$ cat target_29.csv   # CSV, C-alpha atoms
chain,number,residue,atom,x,y,z
T,799,MET,CA,34.3,103.5,-60.8
T,800,SER,CA,31.0,101.8,-60.1
T,801,PHE,CA,30.4,99.9,-56.9
T,802,VAL,CA,27.4,97.7,-56.1
T,803,CYS,CA,27.0,99.6,-52.9
T,804,SER,CA,28.9,102.7,-51.6
T,805,LEU,CA,31.6,102.3,-48.9
T,806,PRO,CA,29.5,104.0,-46.2
T,807,THR,CA,26.6,101.8,-46.9
T,808,LEU,CA,28.8,98.7,-46.9
T,809,TYR,CA,30.4,99.8,-43.6
T,810,ARG,CA,27.0,100.3,-42.0
T,811,THR,CA,25.8,96.8,-43.2
T,812,VAL,CA,28.9,95.1,-41.7
T,813,LEU,CA,28.6,97.0,-38.5
T,814,ALA,CA,24.9,96.0,-38.2
T,815,SER,CA,25.7,92.4,-38.8
T,816,LEU,CA,28.4,92.4,-36.2
T,817,LEU,CA,26.0,94.0,-33.7
T,818,LEU,CA,23.4,91.3,-34.3
T,819,LEU,CA,26.0,88.6,-33.8
T,820,PHE,CA,27.1,90.2,-30.5
T,821,ILE,CA,23.5,90.5,-29.3
T,822,ALA,CA,22.8,86.8,-30.2
T,823,GLY,CA,26.0,85.7,-28.4
T,824,THR,CA,25.1,87.6,-25.2
T,825,CYS,CA,21.4,86.6,-25.2
T,826,ALA,CA,21.8,82.9,-26.1
T,827,PRO,CA,22.8,80.3,-23.4
T,828,SER,CA,26.4,79.2,-23.5
T,829,VAL,CA,26.4,75.6,-24.7
T,830,PRO,CA,29.6,73.8,-25.5
T,831,ALA,CA,29.9,71.9,-28.7
T,832,ALA,CA,28.1,68.7,-28.2
T,833,ASP,CA,29.8,65.3,-28.6
T,834,THR,CA,28.8,62.7,-31.1
T,835,LEU,CA,28.7,59.2,-29.7
T,836,THR,CA,29.2,56.2,-31.9
T,837,ILE,CA,27.2,53.2,-30.9
T,838,TYR,CA,27.7,49.7,-32.2
T,839,SER,CA,24.2,48.2,-31.9
T,840,GLY,CA,23.0,44.6,-32.3
T,841,ARG,CA,19.4,45.8,-31.8
T,842,SER,CA,17.0,46.5,-34.6
T,843,GLU,CA,17.3,50.2,-35.4
T,844,ARG,CA,13.6,50.7,-35.2
T,845,LEU,CA,13.6,49.5,-31.6
T,846,ILE,CA,16.5,51.5,-30.3
T,847,LYS,CA,16.6,54.7,-32.5
T,848,PRO,CA,13.5,56.4,-31.0
T,849,VAL,CA,15.0,56.1,-27.5
T,850,LEU,CA,18.3,57.5,-28.7
T,851,ASP,CA,16.6,60.3,-30.5
T,852,ALA,CA,14.9,61.3,-27.2
T,853,PHE,CA,18.4,61.4,-25.6
T,854,THR,CA,19.7,63.7,-28.3
T,855,ALA,CA,16.6,66.0,-27.9
T,856,ASN,CA,17.3,66.2,-24.2
T,857,THR,CA,21.1,66.7,-24.3
T,858,GLY,CA,22.1,67.8,-27.8
T,859,ILE,CA,24.5,64.9,-28.0
T,860,GLN,CA,24.3,63.4,-31.4
T,861,ILE,CA,24.3,59.6,-32.0
T,862,GLN,CA,26.0,57.8,-34.8
T,863,LEU,CA,24.5,54.3,-35.0
T,864,LEU,CA,26.2,51.3,-36.6
T,865,SER,CA,23.8,48.3,-36.6
T,866,SER,CA,24.8,44.8,-37.4
T,867,GLY,CA,24.6,41.3,-36.0
T,868,THR,CA,25.7,41.0,-32.4
T,869,THR,CA,28.4,38.3,-32.9
T,870,GLU,CA,29.8,40.3,-35.8
T,871,LEU,CA,30.0,43.4,-33.6
T,872,VAL,CA,31.8,41.6,-30.8
T,873,ASN,CA,34.3,40.2,-33.3
T,874,ARG,CA,34.7,43.7,-34.8
T,875,LEU,CA,35.4,45.3,-31.4
T,876,LYS,CA,38.0,42.6,-30.7
T,877,ALA,CA,39.7,43.2,-34.1
T,878,GLU,CA,39.7,47.0,-33.7
T,879,GLY,CA,40.9,47.1,-30.1
T,880,ASP,CA,41.8,50.5,-28.8
T,881,ARG,CA,41.5,51.9,-32.3
T,882,THR,CA,37.7,51.4,-32.4
T,883,SER,CA,35.5,54.5,-33.0
T,884,ALA,CA,32.8,52.9,-30.9
T,885,ASP,CA,31.9,54.5,-27.6
T,886,LEU,CA,29.1,52.1,-26.5
T,887,PHE,CA,27.9,48.7,-27.3
T,888,ILE,CA,24.1,47.9,-27.2
T,889,THR,CA,22.7,44.5,-27.9
T,890,ASN,CA,19.7,42.4,-27.3
T,891,ASP,CA,21.4,39.5,-25.5
T,892,ALA,CA,23.1,39.4,-22.1
T,893,GLY,CA,25.4,36.6,-23.3
T,894,SER,CA,26.9,38.8,-25.9
T,895,LEU,CA,27.5,41.6,-23.5
T,896,GLU,CA,29.2,39.1,-21.1
T,897,LEU,CA,31.4,37.9,-23.9
T,898,ALA,CA,32.4,41.5,-24.6
T,899,ARG,CA,33.1,42.0,-20.9
T,900,THR,CA,35.2,38.9,-20.4
T,901,ALA,CA,37.2,39.9,-23.5
T,902,GLY,CA,38.1,43.2,-21.8
T,903,LEU,CA,36.2,45.3,-24.2
T,904,LEU,CA,33.9,47.1,-21.7
T,905,ARG,CA,34.6,49.6,-18.9
T,906,PRO,CA,33.5,48.8,-15.4
T,907,LEU,CA,31.2,51.5,-14.0
T,908,ASN,CA,30.8,52.9,-10.6
T,909,MET,CA,27.6,54.8,-10.9
T,910,ARG,CA,25.0,55.3,-8.2
T,911,GLU,CA,22.3,55.8,-10.9
T,912,ILE,CA,22.8,52.3,-12.1
T,913,ASP,CA,22.8,50.7,-8.7
T,914,ARG,CA,19.6,52.5,-7.8
T,915,ALA,CA,17.7,51.8,-11.0
T,916,ILE,CA,18.6,48.3,-12.2
T,917,PRO,CA,18.5,45.2,-9.9
T,918,SER,CA,21.8,43.4,-9.6
T,919,GLN,CA,20.6,40.2,-11.4
T,920,PHE,CA,20.2,42.3,-14.6
T,921,ARG,CA,23.8,43.6,-14.8
T,922,ALA,CA,27.4,42.5,-14.7
T,923,PRO,CA,29.1,42.2,-11.3
T,924,ASP,CA,31.3,45.2,-12.1
T,925,ASN,CA,28.6,47.1,-14.0
T,926,ALA,CA,30.6,46.7,-17.2
T,927,TRP,CA,27.2,46.0,-18.9
T,928,VAL,CA,23.8,47.0,-17.7
T,929,GLY,CA,20.4,45.5,-18.6
T,930,LEU,CA,17.9,48.0,-20.0
T,931,SER,CA,14.8,46.0,-20.8
T,932,GLY,CA,13.5,42.5,-20.4
T,933,ARG,CA,12.0,40.1,-22.8
T,934,PHE,CA,10.6,36.5,-22.6
T,935,TRP,CA,11.0,33.7,-25.1
T,936,ILE,CA,7.4,32.5,-25.3
T,937,VAL,CA,4.7,31.0,-27.5
T,938,VAL,CA,2.5,33.0,-29.8
T,939,TYR,CA,-0.7,31.1,-30.8
T,940,ASN,CA,-3.6,31.6,-33.1
T,941,ARG,CA,-6.7,31.8,-31.0
T,942,THR,CA,-8.9,30.2,-33.7
T,943,MET,CA,-6.6,27.2,-34.0
T,944,VAL,CA,-5.3,26.4,-30.6
T,945,GLN,CA,-6.5,26.5,-27.0
T,946,PRO,CA,-3.9,27.9,-24.5
T,947,ASP,CA,-4.1,24.9,-22.2
T,948,HIS,CA,-2.8,22.7,-25.1
T,949,VAL,CA,0.8,23.8,-24.4
T,950,ILE,CA,2.2,23.8,-20.9
T,951,SER,CA,6.0,24.0,-21.7
T,952,LEU,CA,8.2,25.0,-24.6
T,953,LEU,CA,9.3,21.4,-24.6
T,954,ASP,CA,5.8,20.3,-25.5
T,955,LEU,CA,6.3,21.7,-29.0
T,956,ALA,CA,8.7,18.8,-29.7
T,957,ASP,CA,5.7,16.4,-29.4
T,958,PRO,CA,4.8,14.7,-32.8
T,959,LYS,CA,1.3,16.0,-32.4
T,960,TRP,CA,2.6,19.4,-33.4
T,961,LYS,CA,4.0,18.2,-36.7
T,962,ASP,CA,3.7,20.9,-39.3
T,963,LYS,CA,2.0,23.2,-36.7
T,964,ILE,CA,4.9,25.3,-35.3
T,965,ALA,CA,7.1,28.1,-36.6
T,966,ILE,CA,10.6,28.6,-35.2
T,967,PRO,CA,13.6,31.0,-35.6
T,968,ASN,CA,16.6,29.8,-37.6
T,969,SER,CA,19.8,28.5,-36.0
T,970,GLY,CA,21.5,31.9,-36.3
T,971,SER,CA,18.9,33.6,-34.0
T,972,GLU,CA,20.5,34.9,-30.8
T,973,TYR,CA,17.1,34.4,-29.2
T,974,LEU,CA,17.1,30.7,-30.1
T,975,GLN,CA,20.7,30.3,-28.9
T,976,ALA,CA,20.0,32.0,-25.5
T,977,GLY,CA,16.8,30.1,-25.1
T,978,VAL,CA,18.3,26.7,-25.8
T,979,SER,CA,21.2,27.6,-23.4
T,980,VAL,CA,18.7,28.0,-20.6
T,981,ILE,CA,17.0,24.7,-21.5
T,982,ARG,CA,20.4,23.0,-21.4
T,983,ALA,CA,21.4,24.5,-18.1
T,984,THR,CA,18.0,23.4,-16.7
T,985,TYR,CA,17.6,19.9,-18.2
T,986,GLY,CA,20.9,18.8,-19.6
T,987,ASP,CA,22.1,18.0,-23.1
T,988,GLU,CA,20.1,14.9,-23.8
T,989,LYS,CA,16.7,16.4,-23.1
T,990,THR,CA,17.7,19.5,-25.0
T,991,ARG,CA,18.8,17.4,-28.0
T,992,GLN,CA,15.4,15.8,-28.0
T,993,PHE,CA,13.7,19.2,-27.9
T,994,LEU,CA,15.8,20.5,-30.8
T,995,GLN,CA,15.2,17.4,-32.9
T,996,GLY,CA,11.5,17.5,-32.2
T,997,ILE,CA,11.0,21.2,-33.1
T,998,LYS,CA,13.2,20.7,-36.2
T,999,THR,CA,10.9,17.9,-37.4
T,1000,ASN,CA,7.7,19.7,-36.4
T,1001,ALA,CA,8.6,23.0,-38.0
T,1002,ASP,CA,9.9,21.5,-41.2
T,1003,ASN,CA,9.9,24.5,-43.6
T,1004,GLN,CA,8.4,27.0,-41.1
T,1005,VAL,CA,11.8,28.4,-40.1
T,1006,TYR,CA,12.2,32.1,-40.1
T,1007,GLN,CA,14.9,34.7,-39.9
T,1008,LYS,CA,12.8,37.3,-38.0
T,1009,SER,CA,10.4,36.9,-35.1
T,1010,SER,CA,8.0,39.4,-36.8
T,1011,GLN,CA,7.7,36.9,-39.6
T,1012,ILE,CA,6.7,34.1,-37.2
T,1013,VAL,CA,4.1,36.3,-35.6
T,1014,ASP,CA,2.7,37.3,-39.0
T,1015,ALA,CA,2.5,33.6,-40.1
T,1016,VAL,CA,0.6,32.7,-36.9
T,1017,ALA,CA,-1.7,35.7,-37.3
T,1018,LYS,CA,-2.5,34.7,-40.9
T,1019,GLY,CA,-3.3,31.1,-39.9
T,1020,GLN,CA,-0.4,29.7,-41.9
T,1021,VAL,CA,0.7,27.9,-38.7
T,1022,PRO,CA,-1.0,27.6,-35.3
T,1023,LEU,CA,2.0,28.3,-33.0
T,1024,GLY,CA,5.4,29.9,-33.0
T,1025,ILE,CA,8.3,30.7,-30.6
T,1026,VAL,CA,9.1,34.3,-30.3
T,1027,ASN,CA,10.2,37.1,-27.9
T,1028,HIS,CA,7.0,38.4,-26.3
T,1029,TYR,CA,7.2,42.0,-27.6
T,1030,TYR,CA,6.8,41.0,-31.2
T,1031,ILE,CA,3.3,39.8,-30.3
T,1032,TYR,CA,2.3,43.0,-28.7
T,1033,ARG,CA,3.8,45.2,-31.3
T,1034,HIS,CA,1.8,43.3,-33.9
T,1035,LEU,CA,-1.4,43.7,-31.9
T,1036,ALA,CA,-0.7,47.4,-31.4
T,1037,ALA,CA,-0.7,47.8,-35.2
T,1038,GLN,CA,-3.4,45.2,-35.9
T,1039,PRO,CA,-5.6,44.9,-32.8
T,1040,ASP,CA,-8.0,42.4,-34.4
T,1041,ALA,CA,-5.3,39.9,-35.2
T,1042,PRO,CA,-6.4,36.5,-33.7
T,1043,ILE,CA,-3.2,36.0,-31.8
T,1044,ALA,CA,-2.2,35.9,-28.1
T,1045,ALA,CA,0.8,35.2,-25.9
T,1046,LEU,CA,1.2,32.0,-23.9
T,1047,MET,CA,3.6,32.1,-21.0
T,1048,PRO,CA,5.0,28.6,-20.8
T,1049,ASP,CA,6.8,26.5,-18.1
T,1050,GLN,CA,4.8,27.8,-15.2
T,1051,GLN,CA,3.7,24.3,-14.0
T,1052,GLU,CA,5.0,23.0,-10.6
T,1053,GLY,CA,8.6,22.0,-11.1
T,1054,GLY,CA,8.7,23.8,-14.5
T,1055,MET,CA,11.8,25.9,-15.4
T,1056,GLY,CA,9.9,29.2,-15.6
T,1057,ALA,CA,9.7,31.5,-18.6
T,1058,ILE,CA,13.1,32.1,-20.4
T,1059,MET,CA,14.2,35.6,-19.9
T,1060,ASN,CA,16.9,37.7,-21.5
T,1061,VAL,CA,17.7,41.4,-21.5
T,1062,ALA,CA,18.8,44.1,-23.9
T,1063,GLY,CA,21.7,46.0,-22.4
T,1064,VAL,CA,24.5,48.5,-22.9
T,1065,GLY,CA,28.2,48.7,-22.1
T,1066,ILE,CA,30.7,51.5,-22.5
T,1067,ILE,CA,33.7,50.7,-24.6
T,1068,LYS,CA,36.9,50.6,-22.5
T,1069,SER,CA,38.8,52.9,-24.9
T,1070,THR,CA,36.2,55.6,-25.4
T,1071,LYS,CA,37.4,59.2,-25.4
T,1072,ARG,CA,33.9,60.5,-24.6
T,1073,LEU,CA,33.4,58.9,-21.2
T,1074,ASP,CA,31.3,61.7,-19.7
T,1075,SER,CA,28.9,61.8,-22.6
T,1076,SER,CA,28.7,58.0,-22.6
T,1077,LYS,CA,27.9,57.9,-18.9
T,1078,LEU,CA,25.1,60.5,-19.6
T,1079,LEU,CA,23.6,58.1,-22.1
T,1080,VAL,CA,23.7,55.2,-19.8
T,1081,GLU,CA,22.2,57.3,-17.0
T,1082,PHE,CA,19.4,58.3,-19.4
T,1083,LEU,CA,18.7,54.7,-20.4
T,1084,VAL,CA,18.4,53.3,-16.9
T,1085,ALA,CA,16.5,56.3,-15.5
T,1086,GLN,CA,12.7,56.3,-15.5
T,1087,ALA,CA,12.4,58.4,-18.6
T,1088,GLY,CA,14.4,56.0,-20.7
T,1089,GLN,CA,12.8,52.9,-19.1
T,1090,LYS,CA,9.3,54.3,-19.9
T,1091,LEU,CA,10.3,54.6,-23.6
T,1092,PHE,CA,11.3,50.9,-23.7
T,1093,ALA,CA,8.0,50.0,-22.1
T,1094,GLU,CA,5.8,52.2,-24.3
T,1095,LEU,CA,7.5,52.1,-27.7
T,1096,ASP,CA,9.0,48.5,-27.7
T,1097,LYS,CA,6.5,46.7,-25.4
T,1098,GLU,CA,9.4,45.3,-23.4
T,1099,TYR,CA,9.4,44.8,-19.6
T,1100,PRO,CA,11.2,47.7,-17.9
T,1101,LEU,CA,13.9,46.7,-15.4
T,1102,HIS,CA,13.5,49.8,-13.2
T,1103,GLN,CA,11.2,48.8,-10.4
T,1104,ASP,CA,9.3,52.1,-10.4
T,1105,VAL,CA,8.4,51.9,-14.1
T,1106,LYS,CA,5.3,49.9,-15.1
T,1107,ALA,CA,5.1,47.7,-18.2
T,1108,ASP,CA,2.5,48.3,-20.9
T,1109,PRO,CA,-0.8,47.1,-19.4
T,1110,ALA,CA,-1.4,44.9,-22.4
T,1111,LEU,CA,1.4,42.6,-21.4
T,1112,VAL,CA,1.1,39.7,-19.1
T,1113,ASP,CA,1.5,41.0,-15.6
T,1114,ARG,CA,5.2,40.4,-14.6
T,1115,LYS,CA,4.1,39.4,-11.1
T,1116,SER,CA,1.9,36.7,-12.4
T,1117,PHE,CA,4.6,34.3,-13.7
T,1118,ARG,CA,8.0,32.9,-12.8
T,1119,ALA,CA,11.2,33.4,-14.8
T,1120,ALA,CA,13.8,30.7,-15.2
T,1121,LEU,CA,16.6,30.9,-12.6
T,1122,VAL,CA,19.6,30.6,-14.9
T,1123,PRO,CA,21.8,33.7,-14.3
T,1124,LEU,CA,22.2,36.0,-17.3
T,1125,THR,CA,25.9,36.1,-16.7
T,1126,LYS,CA,26.0,32.3,-17.5
T,1127,LEU,CA,24.7,32.7,-21.0
T,1128,ALA,CA,28.2,33.5,-22.3
T,1129,GLU,CA,29.8,30.3,-21.1
T,1130,LEU,CA,26.8,28.3,-22.2
T,1131,ARG,CA,26.8,29.6,-25.7
T,1132,GLU,CA,29.6,27.6,-27.4
T,1133,PRO,CA,28.4,24.1,-26.4
T,1134,THR,CA,24.8,25.2,-27.2
T,1135,LEU,CA,26.0,26.2,-30.8
T,1136,ILE,CA,27.7,22.8,-31.1
T,1137,LEU,CA,24.5,21.0,-30.1
T,1138,ILE,CA,22.3,23.1,-32.5
T,1139,GLU,CA,24.8,22.3,-35.3
T,1140,GLN,CA,24.8,18.6,-34.5
T,1141,VAL,CA,21.0,18.4,-34.6
T,1142,GLY,CA,21.1,20.2,-38.0
T,1143,LEU,CA,18.8,23.1,-37.4
T,1144,ARG,CA,19.1,25.4,-40.3

$ encode --input "target_29.csv" --output "structure tokens"
Amino acid sequence: MSFVCSLPTLYRTVLASLLLLFIAGTCAPSVPAADTLTIYSGRSERLIKPVLDAFTANTGIQIQLLSSGTTELVNRLKAEGDRTSADLFITNDAGSLELARTAGLLRPLNMREIDRAIPSQFRAPDNAWVGLSGRFWIVVYNRTMVQPDHVISLLDLADPKWKDKIAIPNSGSEYLQAGVSVIRATYGDEKTRQFLQGIKTNADNQVYQKSSQIVDAVAKGQVPLGIVNHYYIYRHLAAQPDAPIAALMPDQQEGGMGAIMNVAGVGIIKSTKRLDSSKLLVEFLVAQAGQKLFAELDKEYPLHQDVKADPALVDRKSFRAALVPLTKLAELREPTLILIEQVGLR
């Protein structure tokens, strides 16, 4: 009978393989099988994935990312209840996080790392959600078409002199909804209605789904001004440094409301079965390493007081923020949506 290899040879091969496996097992560090965390994310994948990849590289914990609209994700979490596969919820709006918290979807956290790193005004009272990075809803302008002193407040953009000269986000934008909520809380419904009617008329067809499209339109001179989150301006300039655009921080006049601020943030799902790994991720995101990534990659304002923003940004100490608490954005949202619908923003 013919064999591919003789029995003694086969025996020696198997023995050698077993010996190599034994040596590898004794020399390699003992690492338990890493968890895989499932994250429901309302943030653009290109903004959050590099930070999550850094966490995976540091810990070996894999991330499964499900990205969608924030409202859709909150509704999905409510429908799934304790059956959800999600371990964490990340979004770009404190109001949505607060809605998830009040619906009982998020787990309160008692973590010294959070208390040390993130000031209390940027997190829920019970730490069920924690802010990770700050953004301001401001004006982008084309430097060849507008002088910065032509606009003092966001409300100025409702003036008829800006007819056909502004670009705005559409009514489904969470940035718009949060920004209008702050204006309502500051000035009341009637003044906010006038603002919405004015920008609707002045923007006409210059209504965009994405802030990056607004910045691009302003950079190309298709429209002189736009309302966007600040980091879209600086991300555009990082890629195209010669673009004739700049940021204008509005509402800094005496008696003005201050610049409208919101935060991206994270919460751990109440029913997670991977609590320890989820806490590790939160700890990474609020620590200096994670905060630096938000500052460097996304051009957002870090919330950790020891981490500096990108030097290209307007110095955070040089301007005031609106005083409306982030936790109020949830209760303000529904009447704001009704007002936006009544005005007919599309």

$ residues_around --input "target_29.csv" --residues "T:Ser865" --least-positions-apart "4" --cutoff "9 Å" --atoms "all atoms listed in the file" --output "count of residues only"
8

$ atom_distance --input "target_29.csv" --atom1 "atom CA of T:Ile964" --atom2 "atom CA of T:Thr889"
27.2 Å

$ closest_residue --input "target_29.csv" --among "T:Ile859, T:Ala1110, T:Ile1067, T:Val1061" --to "T:Pro1039" --atoms "all atoms listed in the file"
T:Ala1110

$ closest_residue --input "target_29.csv" --among "T:Ser931, T:Gln860, T:Ser1076, T:Thr1070" --to "T:Asp1096" --atoms "only C-alpha atoms"
T:Ser931

$ closest_residue --input "target_29.csv" --among "T:Glu870, T:Glu878, T:Asp1049, T:Asp1040" --to "T:Val937" --atoms "all atoms listed in the file"
T:Asp1049
